[in-house]
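**Q** I am sharing input_33.cif, which consists of mmCIF, C-alpha atoms:
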```
data_model
loop_
_atom_site.group_PDB
_atom_site.id
_atom_site.type_symbol
_atom_site.label_atom_id
_atom_site.label_comp_id
_atom_site.auth_asym_id
_atom_site.auth_seq_id
_atom_site.Cartn_x
_atom_site.Cartn_y
_atom_site.Cartn_z
ATOM 1 C CA MET A 1091 53.638 61.910 -66.283
ATOM 2 C CA ALA A 1092 56.418 62.344 -63.839
ATOM 3 C CA ALA A 1093 54.462 65.193 -62.269
ATOM 4 C CA GLN A 1094 51.431 62.981 -61.771
ATOM 5 C CA THR A 1095 53.343 60.223 -59.974
ATOM 6 C CA PRO A 1096 54.242 62.378 -56.971
ATOM 7 C CA GLY A 1097 50.624 63.628 -56.898
ATOM 8 C CA ILE A 1098 49.331 60.083 -56.976
ATOM 9 C CA GLN A 1099 51.819 59.098 -54.278
ATOM 10 C CA GLN A 1100 50.630 62.007 -52.182
ATOM 11 C CA LEU A 1101 47.005 60.930 -52.649
ATOM 12 C CA LEU A 1102 47.818 57.329 -51.736
ATOM 13 C CA GLN A 1103 49.661 58.470 -48.601
ATOM 14 C CA ALA A 1104 46.771 60.755 -47.660
ATOM 15 C CA GLU A 1105 44.329 57.896 -48.234
ATOM 16 C CA LYS A 1106 46.492 55.596 -46.111
ATOM 17 C CA LYS A 1107 46.648 58.180 -43.302
ATOM 18 C CA ALA A 1108 42.878 58.674 -43.506
ATOM 19 C CA ALA A 1109 42.311 54.911 -43.301
ATOM 20 C CA GLU A 1110 44.635 54.719 -40.269
ATOM 21 C CA ARG A 1111 42.766 57.575 -38.599
ATOM 22 C CA VAL A 1112 39.410 55.919 -39.312
ATOM 23 C CA ALA A 1113 40.714 52.615 -37.923
ATOM 24 C CA GLU A 1114 42.072 54.382 -34.824
ATOM 25 C CA ALA A 1115 38.769 56.218 -34.365
ATOM 26 C CA ARG A 1116 36.897 52.898 -34.589
ATOM 27 C CA LYS A 1117 39.198 51.383 -31.974
ATOM 28 C CA ARG A 1118 38.648 54.371 -29.657
ATOM 29 C CA LYS A 1119 34.897 54.095 -30.191
ATOM 30 C CA ALA A 1120 34.973 50.366 -29.400
ATOM 31 C CA ARG A 1121 37.018 51.056 -26.217
ATOM 32 C CA ARG A 1122 34.580 53.785 -25.152
ATOM 33 C CA LEU A 1123 31.587 51.495 -25.761
ATOM 34 C CA LYS A 1124 33.231 48.705 -23.775
ATOM 35 C CA GLN A 1125 34.072 51.094 -20.934
ATOM 36 C CA ALA A 1126 30.533 52.526 -20.963
ATOM 37 C CA LYS A 1127 29.097 49.008 -20.852
ATOM 38 C CA GLU A 1128 31.289 48.076 -17.880
ATOM 39 C CA GLU A 1129 30.322 51.261 -16.049
ATOM 40 C CA ALA A 1130 26.644 50.577 -16.752
ATOM 41 C CA GLN A 1131 27.024 47.016 -15.375
ATOM 42 C CA GLU A 1132 28.618 48.411 -12.213
ATOM 43 C CA GLU A 1133 25.780 50.898 -11.792
ATOM 44 C CA ILE A 1134 23.207 48.157 -12.335
ATOM 45 C CA GLU A 1135 24.897 45.966 -9.703
ATOM 46 C CA GLN A 1136 25.013 48.856 -7.227
ATOM 47 C CA TYR A 1137 21.347 49.643 -7.850
ATOM 48 C CA ARG A 1138 20.374 45.983 -7.529
ATOM 49 C CA THR A 1139 22.307 45.683 -4.251
ATOM 50 C CA GLU A 1140 20.714 48.860 -2.907
ATOM 51 C CA ARG A 1141 17.185 47.732 -3.826
ATOM 52 C CA GLU A 1142 17.775 44.270 -2.360
ATOM 53 C CA LYS A 1143 18.917 45.864 0.913
ATOM 54 C CA GLN A 1144 15.837 48.105 0.945
ATOM 55 C CA PHE A 1145 13.628 45.081 0.322
ATOM 56 C CA GLN A 1146 15.275 43.143 3.148
ATOM 57 C CA ASP A 1147 14.821 46.115 5.500
ATOM 58 C CA ILE A 1148 11.132 46.467 4.613
ATOM 59 C CA GLN A 1149 10.582 42.734 4.883
ATOM 60 C CA GLN A 1150 12.215 42.612 8.292
ATOM 61 C CA LYS A 1151 10.285 45.679 9.433
ATOM 62 C CA TYR A 1152 6.853 44.325 8.498
ATOM 63 C CA LEU A 1153 7.305 40.571 8.717
ATOM 64 C CA GLY A 1154 10.050 40.289 11.296
ATOM 65 C CA SER A 1155 13.158 38.290 10.821
ATOM 66 C CA LYS A 1156 13.101 34.592 10.047
ATOM 67 C CA ASP A 1157 14.609 33.847 13.445
ATOM 68 C CA ASP A 1158 11.686 35.609 15.128
ATOM 69 C CA GLN A 1159 9.226 33.567 13.090
ATOM 70 C CA VAL A 1160 11.025 30.315 13.917
ATOM 71 C CA LYS A 1161 11.057 31.162 17.622
ATOM 72 C CA ALA A 1162 7.356 32.061 17.564
ATOM 73 C CA ILE A 1163 6.490 28.785 15.827
ATOM 74 C CA ASP A 1164 8.596 26.810 18.324
ATOM 75 C CA VAL A 1165 6.882 28.479 21.282
ATOM 76 C CA GLU A 1166 3.436 27.881 19.782
ATOM 77 C CA THR A 1167 4.259 24.227 19.067
ATOM 78 C CA LYS A 1168 5.531 23.612 22.597
ATOM 79 C CA HIS A 1169 2.406 25.259 23.997
ATOM 80 C CA LYS A 1170 0.124 23.053 21.867
ATOM 81 C CA ILE A 1171 2.038 19.909 22.872
ATOM 82 C CA THR A 1172 1.734 20.847 26.542
ATOM 83 C CA ASP A 1173 -2.022 21.401 26.142
ATOM 84 C CA MET A 1174 -2.425 18.039 24.409
ATOM 85 C CA ASP A 1175 -0.441 16.273 27.155
ATOM 86 C CA GLN A 1176 -2.674 17.843 29.806
ATOM 87 C CA ARG A 1177 -5.841 16.781 27.980
ATOM 88 C CA VAL A 1178 -4.487 13.245 27.588
ATOM 89 C CA GLN A 1179 -3.786 13.056 31.312
ATOM 90 C CA GLN A 1180 -7.255 14.379 32.123
ATOM 91 C CA LYS A 1181 -9.150 12.050 29.781
ATOM 92 C CA LYS A 1182 -6.938 8.959 30.067
ATOM 93 C CA ASN A 1183 -8.758 7.282 32.958
ATOM 94 C CA GLU A 1184 -12.172 8.043 31.527
ATOM 95 C CA VAL A 1185 -11.280 6.651 28.106
ATOM 96 C CA LEU A 1186 -9.708 3.522 29.613
ATOM 97 C CA LYS A 1187 -12.793 2.931 31.766
ATOM 98 C CA GLU A 1188 -15.106 3.202 28.738
ATOM 99 C CA LEU A 1189 -12.853 0.926 26.712
ATOM 100 C CA PHE A 1190 -12.715 -1.707 29.471
ATOM 101 C CA ASP A 1191 -16.488 -1.479 29.955
ATOM 102 C CA LEU A 1192 -17.042 -2.153 26.284
ATOM 103 C CA VAL A 1193 -14.564 -5.013 26.215
ATOM 104 C CA PHE A 1194 -15.622 -6.740 29.443
ATOM 105 C CA ASP A 1195 -19.372 -6.116 29.366
ATOM 106 C CA ILE A 1196 -20.449 -8.949 27.153
ATOM 107 C CA THR A 1197 -24.126 -9.721 26.782
ATOM 108 C CA PRO A 1198 -24.684 -12.972 24.962
ATOM 109 C CA GLU A 1199 -27.383 -12.812 22.338
ATOM 110 C CA LEU A 1200 -28.164 -14.634 19.157
ATOM 111 C CA HIS A 1201 -27.277 -13.174 15.819
ATOM 112 C CA GLN A 1202 -30.241 -11.796 13.910
ATOM 113 C CA ASN A 1203 -29.728 -14.255 11.057
ATOM 114 C CA PHE A 1204 -29.640 -17.295 13.261
ATOM 115 C CA LYS A 1205 -32.707 -19.503 12.968
ATOM 116 C CA ILE A 1206 -33.548 -22.163 15.433
ATOM 117 C CA PRO A 1207 -34.020 -25.437 13.555
ATOM 118 C CA VAL A 1208 -37.450 -26.968 14.044
ATOM 119 C CA GLN A 1209 -37.477 -30.648 15.189
#
```
Can you give me the file's structure in the form of structure tokens?
**A**
Amino acid sequence: MAAQTPGIQQLLQAEKKAAERVAEARKRKARRLKQAKEEAQEEIEQYRTEREKQFQDIQQKYLGSKDDQVKAIDVETKHKITDMDQRVQQKKNEVLKELFDLVFDITPELHQNFKIPVQ
């Protein structure tokens, strides 16, 4: 039995070393997976940034920048306001004359429902 004890001890030590190696291999695998995941996230962010920049370039090329749109709207609005002011000035006297004519031109007449009482 004394011969078996060192053999068993050797097997236990070999099993312990194998378990340590397996544990170390698992740790290395976990580190590699974590590193691969981080690298993939970086690549995704770079790709997303690149595509966003391309989108902004295309949008600016075909639609113009937002500042250009704002300026165009401001110019158009000022033009419309100027046109309306001119039309108001042109029509003001005519409209006032018609309004005064309607207000001051009173023709007295009896209401259609009014009946003259018979005496």
**Q** How many Å lie between atom CA of A:Val1193 and atom CA of A:Lys1181, rounded to one decimal?
**A**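 Going from atom CA of A:Val1193 over to atom CA of A:Lys1181, I get 18.3 Å.
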**Q** Could you tell me how far atom CA of A:Gln1125 sits from atom CA of A:Tyr1137, in Å to one decimal place?
**A**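 Atom CA of A:Tyr1137 sits 18.3 Å away from atom CA of A:Gln1125.
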**Q** Hey, can I get the axis-aligned box for stretch 1196-1201 of chain A? All listed atoms, 5 Å padding on each side, centre and edge lengths in Å to one decimal, as lines of an AutoDock Vina configuration file.
**A**
```
center_x = -24.3
center_y = -11.8
center_z = 21.5
size_x = 17.7
size_y = 15.7
size_z = 21.3
```
**Q** How close does each residue of stretch 1116-1169 of chain A get to stretch 1173-1177 of chain A, giving the shortest atom pair and distance in Å to one decimal for every residue with an atom at most 10 Å away, counting all atoms listed in the file, sorted by chain and residue number, as JSON lines?
**A**
```
{"residue": "A:Thr1167", "atom": "CA", "partner": "A:Asp1173", "partner_atom": "CA", "distance": 9.9}
{"residue": "A:Lys1168", "atom": "CA", "partner": "A:Asp1173", "partner_atom": "CA", "distance": 8.6}
{"residue": "A:His1169", "atom": "CA", "partner": "A:Asp1173", "partner_atom": "CA", "distance": 6.3}
```
**Q** Quote the spacing between atom CA of A:Arg1141 and atom CA of A:Glu1129 in Å to one decimal place.
**A** 18.3 Å
**Q** Each residue of stretch 1128-1170 of chain A lying at most 12 Å from stretch 1116-1124 of chain A should get a row with its shortest atom-to-atom pair and the distance in Å to one decimal, counting only C-alpha atoms; could you produce that, ordered by chain and increasing number, as a tab-separated table?
**A**
```
residue	atom	partner	partner_atom	distance
A:Glu1128	CA	A:Lys1124	CA	6.2
A:Glu1129	CA	A:Lys1124	CA	8.6
A:Ala1130	CA	A:Lys1124	CA	9.8
A:Gln1131	CA	A:Lys1124	CA	10.6
```
